[in-house]
>>> print(open('protein_32.csv').read())   # CSV, C-alpha atoms and all ligand atoms
chain,number,residue,atom,x,y,z
A,13,MET,CA,130.9,90.3,132.8
A,14,THR,CA,131.4,93.6,130.9
A,15,GLU,CA,129.1,92.4,128.1
A,16,LYS,CA,126.5,91.4,130.6
A,17,ILE,CA,126.5,94.8,132.2
A,18,TYR,CA,126.2,96.5,128.8
A,19,SER,CA,123.2,94.2,128.1
A,20,ALA,CA,121.7,95.1,131.5
A,21,ALA,CA,122.1,98.8,130.8
A,22,ILE,CA,120.5,98.5,127.3
A,23,GLU,CA,117.6,96.5,128.8
A,24,ALA,CA,117.0,98.9,131.6
A,25,ILE,CA,116.8,101.8,129.2
A,26,LEU,CA,114.5,99.9,126.8
A,27,GLN,CA,112.3,99.0,129.7
A,28,GLY,CA,112.4,102.6,131.1
A,29,ASP,CA,113.4,101.2,134.5
A,30,ALA,CA,115.3,103.9,136.3
A,31,GLU,CA,116.2,101.6,139.3
A,32,LYS,CA,117.7,98.9,137.0
A,33,ALA,CA,119.5,101.6,135.0
A,34,ALA,CA,121.1,102.9,138.2
A,35,GLU,CA,122.0,99.4,139.3
A,36,ALA,CA,123.7,98.7,136.0
A,37,ALA,CA,125.6,102.0,136.2
A,38,ARG,CA,126.8,101.2,139.7
A,39,ARG,CA,127.7,97.6,138.8
A,40,GLY,CA,129.6,98.8,135.7
A,41,LEU,CA,131.6,101.3,137.7
A,42,ASP,CA,132.3,98.7,140.5
A,43,GLU,CA,133.7,96.4,137.7
A,44,ARG,CA,135.9,99.3,136.8
A,45,ILE,CA,134.5,99.7,133.3
A,46,ASP,CA,135.6,103.1,131.8
A,47,PRO,CA,132.6,105.5,132.4
A,48,LEU,CA,132.6,106.6,128.8
A,49,GLU,CA,132.7,103.1,127.5
A,50,LEU,CA,129.9,102.1,129.8
A,51,MET,CA,127.9,105.1,128.6
A,52,ALA,CA,128.6,104.4,124.9
A,53,ASN,CA,128.2,100.6,124.8
A,54,GLY,CA,125.4,100.4,127.4
A,55,PHE,CA,123.2,103.4,128.0
A,56,ILE,CA,123.7,105.3,124.7
A,57,ALA,CA,123.2,102.1,122.7
A,58,GLY,CA,120.0,101.6,124.7
A,59,ILE,CA,118.6,105.1,124.2
A,60,ASN,CA,119.5,104.9,120.5
A,61,GLN,CA,117.3,101.8,120.2
A,62,VAL,CA,114.5,103.6,122.0
A,63,GLY,CA,114.9,106.5,119.5
A,64,GLU,CA,114.6,104.0,116.6
A,65,LEU,CA,111.5,102.3,118.1
A,66,PHE,CA,109.9,105.8,118.7
A,67,GLY,CA,110.8,106.9,115.2
A,68,ALA,CA,109.3,103.7,113.7
A,69,GLY,CA,106.0,104.2,115.7
A,70,LYS,CA,106.7,101.2,117.9
A,71,LEU,CA,107.0,103.2,121.1
A,72,PHE,CA,105.0,106.1,122.2
A,73,ILE,CA,105.6,109.3,124.3
A,74,PRO,CA,105.0,107.7,127.8
A,75,GLY,CA,107.6,105.0,126.9
A,76,LEU,CA,110.0,107.6,125.6
A,77,VAL,CA,109.7,109.7,128.7
A,78,LYS,CA,110.3,106.7,131.0
A,79,SER,CA,113.3,105.6,129.1
A,80,ALA,CA,114.6,109.2,129.2
A,81,ALA,CA,114.2,109.3,133.0
A,82,ALA,CA,116.1,106.0,133.3
A,83,MET,CA,118.8,107.5,131.0
A,84,GLU,CA,119.0,110.7,133.1
A,85,LYS,CA,119.5,108.7,136.3
A,86,ALA,CA,122.3,106.5,134.8
A,87,THR,CA,123.9,109.6,133.2
A,88,ALA,CA,124.1,111.4,136.6
A,89,ILE,CA,125.8,108.4,138.2
A,90,ILE,CA,128.3,107.9,135.4
A,91,ASN,CA,129.0,111.6,135.0
A,92,ALA,CA,129.9,111.8,138.7
A,93,ALA,CA,132.4,109.0,138.2
A,94,ILE,CA,134.4,110.5,135.3
A,95,PRO,CA,138.0,110.8,136.6
A,96,GLN,CA,138.8,114.5,137.3
A,97,GLU,CA,141.9,116.2,135.9
A,98,GLN,CA,143.7,117.8,138.8
A,99,GLU,CA,145.0,120.8,136.8
A,100,THR,CA,142.7,123.4,135.6
A,101,VAL,CA,143.3,124.5,132.0
A,102,ASN,CA,142.7,127.9,130.4
A,103,GLY,CA,139.5,127.8,128.6
A,104,ARG,CA,136.0,129.1,129.5
A,105,ILE,CA,133.0,127.5,127.8
A,106,VAL,CA,129.4,128.5,127.8
A,107,ILE,CA,127.1,125.7,126.6
A,108,GLY,CA,123.4,125.1,126.3
A,109,THR,CA,120.7,123.4,124.3
A,110,VAL,CA,119.0,125.8,121.9
A,111,GLU,CA,115.6,127.4,122.4
A,112,GLY,CA,112.7,125.1,121.6
A,113,ASP,CA,114.7,122.0,122.4
A,114,MET,CA,114.4,120.1,125.7
A,115,HIS,CA,117.0,117.4,125.0
A,116,ASP,CA,119.9,117.7,127.3
A,117,ILE,CA,121.3,114.3,128.2
A,118,GLY,CA,124.1,114.5,125.6
A,119,LYS,CA,124.9,118.1,126.4
A,120,THR,CA,125.2,117.2,130.1
A,121,ILE,CA,127.7,114.4,129.2
A,122,VAL,CA,129.7,117.0,127.2
A,123,VAL,CA,129.7,119.4,130.2
A,124,ALA,CA,130.8,116.7,132.6
A,125,LEU,CA,133.7,115.6,130.4
A,126,LEU,CA,134.8,119.2,129.8
A,127,ARG,CA,134.8,119.8,133.6
A,128,ALA,CA,136.6,116.6,134.2
A,129,ASN,CA,139.3,117.8,131.8
A,130,GLY,CA,139.8,121.0,133.8
A,131,PHE,CA,137.8,123.5,131.7
A,132,ASP,CA,135.6,126.2,133.3
A,133,VAL,CA,132.1,125.5,132.0
A,134,LEU,CA,128.9,127.5,132.5
A,135,ASP,CA,126.0,125.2,131.7
A,136,LEU,CA,122.9,127.2,130.6
A,137,GLY,CA,120.7,124.2,130.6
A,138,ARG,CA,118.1,123.7,127.8
A,139,ASP,CA,115.7,125.8,125.8
A,140,VAL,CA,118.2,128.6,125.8
A,141,ALA,CA,117.5,131.8,123.8
A,142,ILE,CA,120.1,133.2,121.5
A,143,GLU,CA,120.3,136.5,123.5
A,144,ARG,CA,121.0,134.5,126.6
A,145,PHE,CA,123.9,132.5,125.1
A,146,ILE,CA,125.4,135.9,124.1
A,147,GLU,CA,124.7,137.7,127.4
A,148,GLU,CA,126.0,134.9,129.5
A,149,ALA,CA,129.1,134.5,127.3
A,150,GLU,CA,129.9,138.2,127.8
A,151,LYS,CA,129.4,138.0,131.6
A,152,PHE,CA,131.3,134.7,131.9
A,153,LYS,CA,134.1,136.0,129.7
A,154,ALA,CA,133.8,132.9,127.7
A,155,ASP,CA,136.3,131.8,125.0
A,156,ILE,CA,133.8,129.4,123.4
A,157,ILE,CA,130.1,129.1,122.9
A,158,GLY,CA,128.8,125.5,122.5
A,159,SER,CA,125.3,124.7,121.4
A,160,SER,CA,123.4,121.5,121.3
A,161,THR,CA,120.3,120.5,119.4
A,162,LEU,CA,118.5,117.2,118.9
A,163,LEU,CA,115.6,118.3,116.7
A,164,THR,CA,115.9,119.0,113.0
A,165,THR,CA,113.4,121.8,113.5
A,166,THR,CA,115.7,123.7,116.0
A,167,MET,CA,119.0,123.3,114.1
A,168,VAL,CA,118.2,126.7,112.5
A,169,VAL,CA,118.7,128.3,115.9
A,170,GLN,CA,122.4,127.4,115.7
A,171,LYS,CA,122.5,129.3,112.4
A,172,GLU,CA,120.7,132.2,113.9
A,173,LEU,CA,123.2,132.3,116.8
A,174,GLU,CA,126.0,132.6,114.2
A,175,GLU,CA,124.1,135.4,112.5
A,176,GLU,CA,123.5,137.2,115.7
A,177,LEU,CA,127.2,137.0,116.7
A,178,LYS,CA,128.2,138.5,113.4
A,179,LYS,CA,125.5,141.2,113.6
A,180,SER,CA,126.6,142.3,117.0
A,181,GLY,CA,130.3,142.3,116.1
A,182,LEU,CA,131.2,139.4,118.5
A,183,LYS,CA,132.0,136.7,116.0
A,184,GLU,CA,135.7,137.3,116.3
A,185,LYS,CA,135.5,137.3,120.1
A,186,TYR,CA,134.1,133.8,120.5
A,187,LYS,CA,134.8,130.5,118.8
A,188,THR,CA,131.7,128.4,118.4
A,189,ILE,CA,131.1,124.6,118.4
A,190,VAL,CA,127.9,122.8,117.5
A,191,GLY,CA,126.7,119.3,118.4
A,192,GLY,CA,123.7,117.1,118.7
A,193,ALA,CA,122.5,114.0,116.9
A,194,PRO,CA,121.3,115.6,113.6
A,195,VAL,CA,124.3,118.0,113.5
A,196,THR,CA,127.2,117.3,111.1
A,197,GLN,CA,130.5,118.9,110.1
A,198,ARG,CA,128.7,119.9,106.9
A,199,TRP,CA,126.1,121.8,108.9
A,200,ALA,CA,128.8,123.5,110.9
A,201,ASN,CA,130.6,124.6,107.7
A,202,ARG,CA,127.3,125.8,106.2
A,203,ILE,CA,126.4,128.0,109.1
A,204,GLY,CA,129.9,129.3,109.8
A,205,ALA,CA,130.4,127.6,113.2
A,206,ASP,CA,134.1,127.1,114.0
A,207,SER,CA,133.8,123.5,115.0
A,208,PHE,CA,131.6,120.4,115.3
A,209,ALA,CA,131.9,117.4,117.5
A,210,GLN,CA,130.1,114.1,117.2
A,211,ASP,CA,130.4,113.0,120.9
A,212,ALA,CA,131.7,114.2,124.2
A,213,GLY,CA,135.3,112.9,123.7
A,214,ASP,CA,135.5,114.5,120.3
A,215,GLY,CA,134.1,117.7,121.9
A,216,VAL,CA,137.0,117.9,124.3
A,217,LYS,CA,139.5,117.4,121.5
A,218,LYS,CA,137.9,120.0,119.2
A,219,ILE,CA,137.6,122.5,122.0
A,220,LYS,CA,141.3,122.1,122.8
A,221,GLN,CA,142.0,122.7,119.1
A,222,LEU,CA,139.8,125.9,119.1
A,223,LEU,CA,141.6,127.2,122.1
A,224,MET,CA,145.0,126.7,120.5
A,225,LYS,CA,143.8,128.7,117.5
A,226,LYS,CA,142.5,131.5,119.8
A,227,SER,CA,145.7,132.0,121.7
B,301,LIG,C1,115.7,110.9,125.2
B,301,LIG,C2,114.9,111.6,124.1
B,301,LIG,C3,113.9,112.5,124.5
B,301,LIG,C4,113.7,112.9,125.9
B,301,LIG,C5,114.8,114.0,126.3
B,301,LIG,C6,115.1,114.0,127.8
B,301,LIG,C7,116.3,114.8,128.1
B,301,LIG,N1,116.4,115.3,129.3
B,301,LIG,O1,117.2,115.1,127.2
B,301,LIG,C8,112.2,113.5,125.9
B,301,LIG,C9,111.2,112.5,126.3
B,301,LIG,C10,112.0,114.8,126.7
B,301,LIG,C11,112.1,113.8,124.4
B,301,LIG,C12,111.1,114.7,123.9
B,301,LIG,C13,110.9,114.8,122.5
B,301,LIG,N2,111.5,114.2,121.5
B,301,LIG,CO1,113.1,113.1,121.7
B,301,LIG,N3,114.5,111.8,121.8
B,301,LIG,C14,115.2,111.3,122.7
B,301,LIG,C15,116.2,110.2,122.1
B,301,LIG,C16,115.5,108.8,122.3
B,301,LIG,C17,117.5,110.1,122.8
B,301,LIG,C18,118.3,111.5,122.8
B,301,LIG,C19,119.6,111.2,123.7
B,301,LIG,O2,119.5,111.6,124.9
B,301,LIG,N4,120.6,110.6,123.1
B,301,LIG,C20,121.8,110.2,123.9
B,301,LIG,C21,122.8,111.3,123.9
B,301,LIG,C22,124.0,110.9,124.7
B,301,LIG,O3,123.2,111.6,122.6
B,301,LIG,P1,123.2,113.0,121.9
B,301,LIG,O4,122.1,113.8,122.5
B,301,LIG,O5,123.3,112.9,120.5
B,301,LIG,O6,124.6,113.7,122.5
B,301,LIG,C23,125.9,113.3,122.1
B,301,LIG,C24,126.4,114.0,120.8
B,301,LIG,O7,125.4,114.4,119.9
B,301,LIG,C25,127.2,115.1,121.3
B,301,LIG,N5,126.6,116.4,121.6
B,301,LIG,C26,125.4,116.7,121.9
B,301,LIG,N6,125.2,118.0,122.1
B,301,LIG,C27,126.4,118.6,122.0
B,301,LIG,C28,126.8,119.9,122.1
B,301,LIG,C29,128.2,120.3,121.9
B,301,LIG,C30,128.6,121.7,122.0
B,301,LIG,C31,129.1,119.2,121.5
B,301,LIG,C32,130.5,119.6,121.3
B,301,LIG,C33,128.7,117.9,121.4
B,301,LIG,C34,127.3,117.6,121.6
B,301,LIG,O8,127.8,114.6,122.4
B,301,LIG,C35,126.8,113.9,123.1
B,301,LIG,C36,127.5,112.8,124.0
B,301,LIG,O9,128.2,111.9,123.3
B,301,LIG,C37,116.3,110.7,120.7
B,301,LIG,C38,116.7,109.7,119.6
B,301,LIG,C39,118.2,109.7,119.4
B,301,LIG,N7,118.8,108.6,119.2
B,301,LIG,O10,118.8,110.8,119.3
B,301,LIG,C40,114.8,111.3,120.4
B,301,LIG,C41,114.6,112.3,119.3
B,301,LIG,C42,115.7,113.3,119.3
B,301,LIG,N8,113.3,113.0,119.8
B,301,LIG,C43,112.5,113.2,118.9
B,301,LIG,C44,111.3,113.9,119.1
B,301,LIG,C45,110.4,114.0,117.8
B,301,LIG,C46,110.8,114.4,120.3
B,301,LIG,C47,109.6,115.1,120.6
B,301,LIG,C48,109.2,116.2,119.6
B,301,LIG,C49,108.4,114.1,120.8
B,301,LIG,C50,107.1,114.7,121.0
B,301,LIG,N9,106.2,114.5,120.1
B,301,LIG,O11,106.8,115.3,122.0
B,301,LIG,C51,109.9,115.8,122.0
B,301,LIG,C52,110.5,117.2,121.8
B,301,LIG,C53,110.5,118.0,123.0
B,301,LIG,C54,111.3,119.3,122.8
B,301,LIG,N10,110.7,120.4,122.5
B,301,LIG,O12,112.5,119.2,122.8
B,301,LIG,C55,113.1,112.8,117.5
B,301,LIG,C56,113.6,114.0,116.7
B,301,LIG,C57,113.2,113.9,115.2
B,301,LIG,C58,113.7,115.1,114.5
B,301,LIG,N11,113.8,114.8,113.2
B,301,LIG,O13,113.9,116.2,114.9
B,301,LIG,C59,114.1,111.8,117.9
B,301,LIG,C60,115.3,111.7,116.9
B,301,LIG,C61,113.4,110.4,118.0
B,301,LIG,C62,112.9,109.8,116.7
B,301,LIG,N12,113.6,108.9,116.1
B,301,LIG,O14,112.0,110.3,116.1
B,301,LIG,N13,113.0,113.1,123.7
>>> encode(input="protein_32.csv", output="structure tokens", more="lines below")
Ligand code: B12
Amino acid sequence: MTEKIYSAAIEAILQGDAEKAAEAARRGLDERIDPLELMANGFIAGINQVGELFGAGKLFIPGLVKSAAAMEKATAIINAAIPQEQETVNGRIVIGTVEGDMHDIGKTIVVALLRANGFDVLDLGRDVAIERFIEEAEKFKADIIGSSTLLTTTMVVQKELEEELKKSGLKEKYKTIVGGAPVTQRWANRIGADSFAQDAGDGVKKIKQLLMKKS
């Protein structure tokens, strides 16, 4: 049954069918499949295939947009079903997708999982300018600034954010974590980010580690 639901989720994303995606999400949750497993083995597997088809020139923008819409619908349903930690933990995180980048599905999953783990999260959305990351972190009294990017062309903004933090004397005040499909630990080291996470679960783990270092 579980495998069938994963296949239905993958199919729905490949077809860009938001209704079928929503149905697969609900069925998966009804069957008590872990929301993150359902996301990873169903919907993310599907959108990765879409990305490959697009990259290979076998799928075009309208198809990509339809698949993304189906993915957004399923993600909203699944995010809402992530079990919530009752206790709030100390840790305030400002997070956004960098300027020039409209991809936010992965970032939204990270936000949902952090909140479910009791963190206080300010989600700045997508296409966020460096100045805004910093201003909002100051206002929110954040401990951590997280940035996401899916485009190789906008990875440089994560580097510029590090540079701006150093320039304004705020690098010691905030720990930074970077993520997004093209981002690696190597990139994080290169730009001087404090941490990197490859997925939402890893993000929660790394953020806990950063907070331990801070206190
Ligand atoms: C969906 C999608 C879109 C949707 C986005 C909708 C949305 N609301 O996000 C739309 C249709 C808008 C889109 C547009 C474009 N896209 Co697009 N898109 C994708 C696709 C297929 C999937 C991305 C996704 O959602 N993955 C699923 C999520 C769950 O994974 P994730 O984002 O990696 O996030 C996880 C981790 O990375 C991590 N993480 C992410 N962020 C963060 C942040 C922190 C702090 C932490 C700790 C962790 C973390 O945790 C997440 C959860 O596990 C990818 C292909 C791919 N496989 O990546 C292409 C892809 C990223 N797109 C691509 C391109 C080229 C474009 C366009 C330029 C196309 C065009 N010509 O217009 C535009 C760019 C628009 C812009 N300025 O941003 C290319 C990028 C190539 C490159 N080298 O840069 C890709 C790789 C496709 C390809 N193979 O060519 N796209």
>>> residues_near_ligand(input="protein_32.csv", ligand="ligand LIG 301 (chain B)", cutoff="6 Å", atoms="all atoms listed in the file", output="MDAnalysis selection string")
chainID A and resid 56 59:60 62:64 66:67 76:77 80 112:119 121:122 158:160 162:165 189:193 209:212 215
>>> closest_residue(input="protein_32.csv", among="A:Trp199, A:Phe55, A:Phe208, A:Phe145", to="Ile107 (chain A)", atoms="only C-alpha atoms")
A:Phe145
>>> residues_around(input="protein_32.csv", residues="Thr87 (chain A)", least_positions_apart="4", cutoff="12 Å", atoms="only C-alpha atoms", output="number ranges by chain")
A: 21, 25, 30, 33-34, 36-38, 47-48, 50-52, 54-56, 59, 80-83, 91-94, 116-125
>>> atom_distance(input="protein_32.csv", atom1="CA of Gln96 (chain A)", atom2="CA of Glu148 (chain A)")
25.3 Å
>>> closest_residue(input="protein_32.csv", among="A:Gln27, A:Ser19, A:Asn201, A:Asn102", to="Gly75 (chain A)", atoms="all atoms listed in the file")
A:Gln27
>>> decode(input="protein_32.csv", residues="region 148-163 of chain A", atoms="N, CA, C and O atoms", output="mmCIF file, in the first residue's frame")
data_model
loop_
_atom_site.group_PDB
_atom_site.id
_atom_site.type_symbol
_atom_site.label_atom_id
_atom_site.label_comp_id
_atom_site.auth_asym_id
_atom_site.auth_seq_id
_atom_site.Cartn_x
_atom_site.Cartn_y
_atom_site.Cartn_z
ATOM 1 N N GLU A 148 15.777 42.066 9.472
ATOM 2 C CA GLU A 148 14.765 41.232 10.137
ATOM 3 C C GLU A 148 15.394 40.410 11.268
ATOM 4 O O GLU A 148 14.767 40.188 12.295
ATOM 5 N N ALA A 149 16.630 39.967 11.046
ATOM 6 C CA ALA A 149 17.312 39.209 12.109
ATOM 7 C C ALA A 149 17.501 40.098 13.334
ATOM 8 O O ALA A 149 17.313 39.662 14.473
ATOM 9 N N GLU A 150 17.847 41.353 13.095
ATOM 10 C CA GLU A 150 18.035 42.302 14.207
ATOM 11 C C GLU A 150 16.715 42.505 14.956
ATOM 12 O O GLU A 150 16.665 42.411 16.169
ATOM 13 N N LYS A 151 15.658 42.774 14.185
ATOM 14 C CA LYS A 151 14.352 43.040 14.809
ATOM 15 C C LYS A 151 13.824 41.811 15.555
ATOM 16 O O LYS A 151 13.239 41.930 16.616
ATOM 17 N N PHE A 152 14.032 40.657 14.964
ATOM 18 C CA PHE A 152 13.476 39.402 15.514
ATOM 19 C C PHE A 152 14.339 38.853 16.657
ATOM 20 O O PHE A 152 13.961 37.914 17.333
ATOM 21 N N LYS A 153 15.508 39.506 16.852
ATOM 22 C CA LYS A 153 16.494 39.021 17.832
ATOM 23 C C LYS A 153 16.829 37.543 17.560
ATOM 24 O O LYS A 153 16.772 36.676 18.447
ATOM 25 N N ALA A 154 17.171 37.305 16.311
ATOM 26 C CA ALA A 154 17.434 35.925 15.876
ATOM 27 C C ALA A 154 18.769 35.425 16.420
ATOM 28 O O ALA A 154 19.672 36.211 16.730
ATOM 29 N N ASP A 155 18.878 34.120 16.541
ATOM 30 C CA ASP A 155 20.155 33.479 16.864
ATOM 31 C C ASP A 155 20.818 33.014 15.579
ATOM 32 O O ASP A 155 22.040 32.976 15.480
ATOM 33 N N ILE A 156 19.969 32.647 14.633
ATOM 34 C CA ILE A 156 20.479 32.003 13.416
ATOM 35 C C ILE A 156 19.825 32.600 12.180
ATOM 36 O O ILE A 156 18.632 32.899 12.181
ATOM 37 N N ILE A 157 20.641 32.773 11.136
ATOM 38 C CA ILE A 157 20.095 33.187 9.832
ATOM 39 C C ILE A 157 20.286 32.016 8.868
ATOM 40 O O ILE A 157 21.407 31.550 8.661
ATOM 41 N N GLY A 158 19.176 31.567 8.284
ATOM 42 C CA GLY A 158 19.240 30.467 7.318
ATOM 43 C C GLY A 158 18.889 30.983 5.938
ATOM 44 O O GLY A 158 17.940 31.743 5.777
ATOM 45 N N SER A 159 19.670 30.575 4.942
ATOM 46 C CA SER A 159 19.338 31.004 3.581
ATOM 47 C C SER A 159 19.282 29.794 2.659
ATOM 48 O O SER A 159 20.013 28.824 2.828
ATOM 49 N N SER A 160 18.382 29.910 1.686
ATOM 50 C CA SER A 160 18.167 28.830 0.730
ATOM 51 C C SER A 160 18.414 29.353 -0.676
ATOM 52 O O SER A 160 18.081 30.503 -0.981
ATOM 53 N N THR A 161 18.991 28.518 -1.523
ATOM 54 C CA THR A 161 19.073 28.865 -2.944
ATOM 55 C C THR A 161 19.089 27.606 -3.794
ATOM 56 O O THR A 161 19.729 26.615 -3.446
ATOM 57 N N LEU A 162 18.350 27.654 -4.879
ATOM 58 C CA LEU A 162 18.255 26.496 -5.779
ATOM 59 C C LEU A 162 18.972 26.757 -7.097
ATOM 60 O O LEU A 162 19.129 25.866 -7.916
ATOM 61 N N LEU A 163 19.354 27.994 -7.330
ATOM 62 C CA LEU A 163 19.991 28.331 -8.607
ATOM 63 C C LEU A 163 21.491 28.508 -8.387
ATOM 64 O O LEU A 163 21.902 29.162 -7.421
#
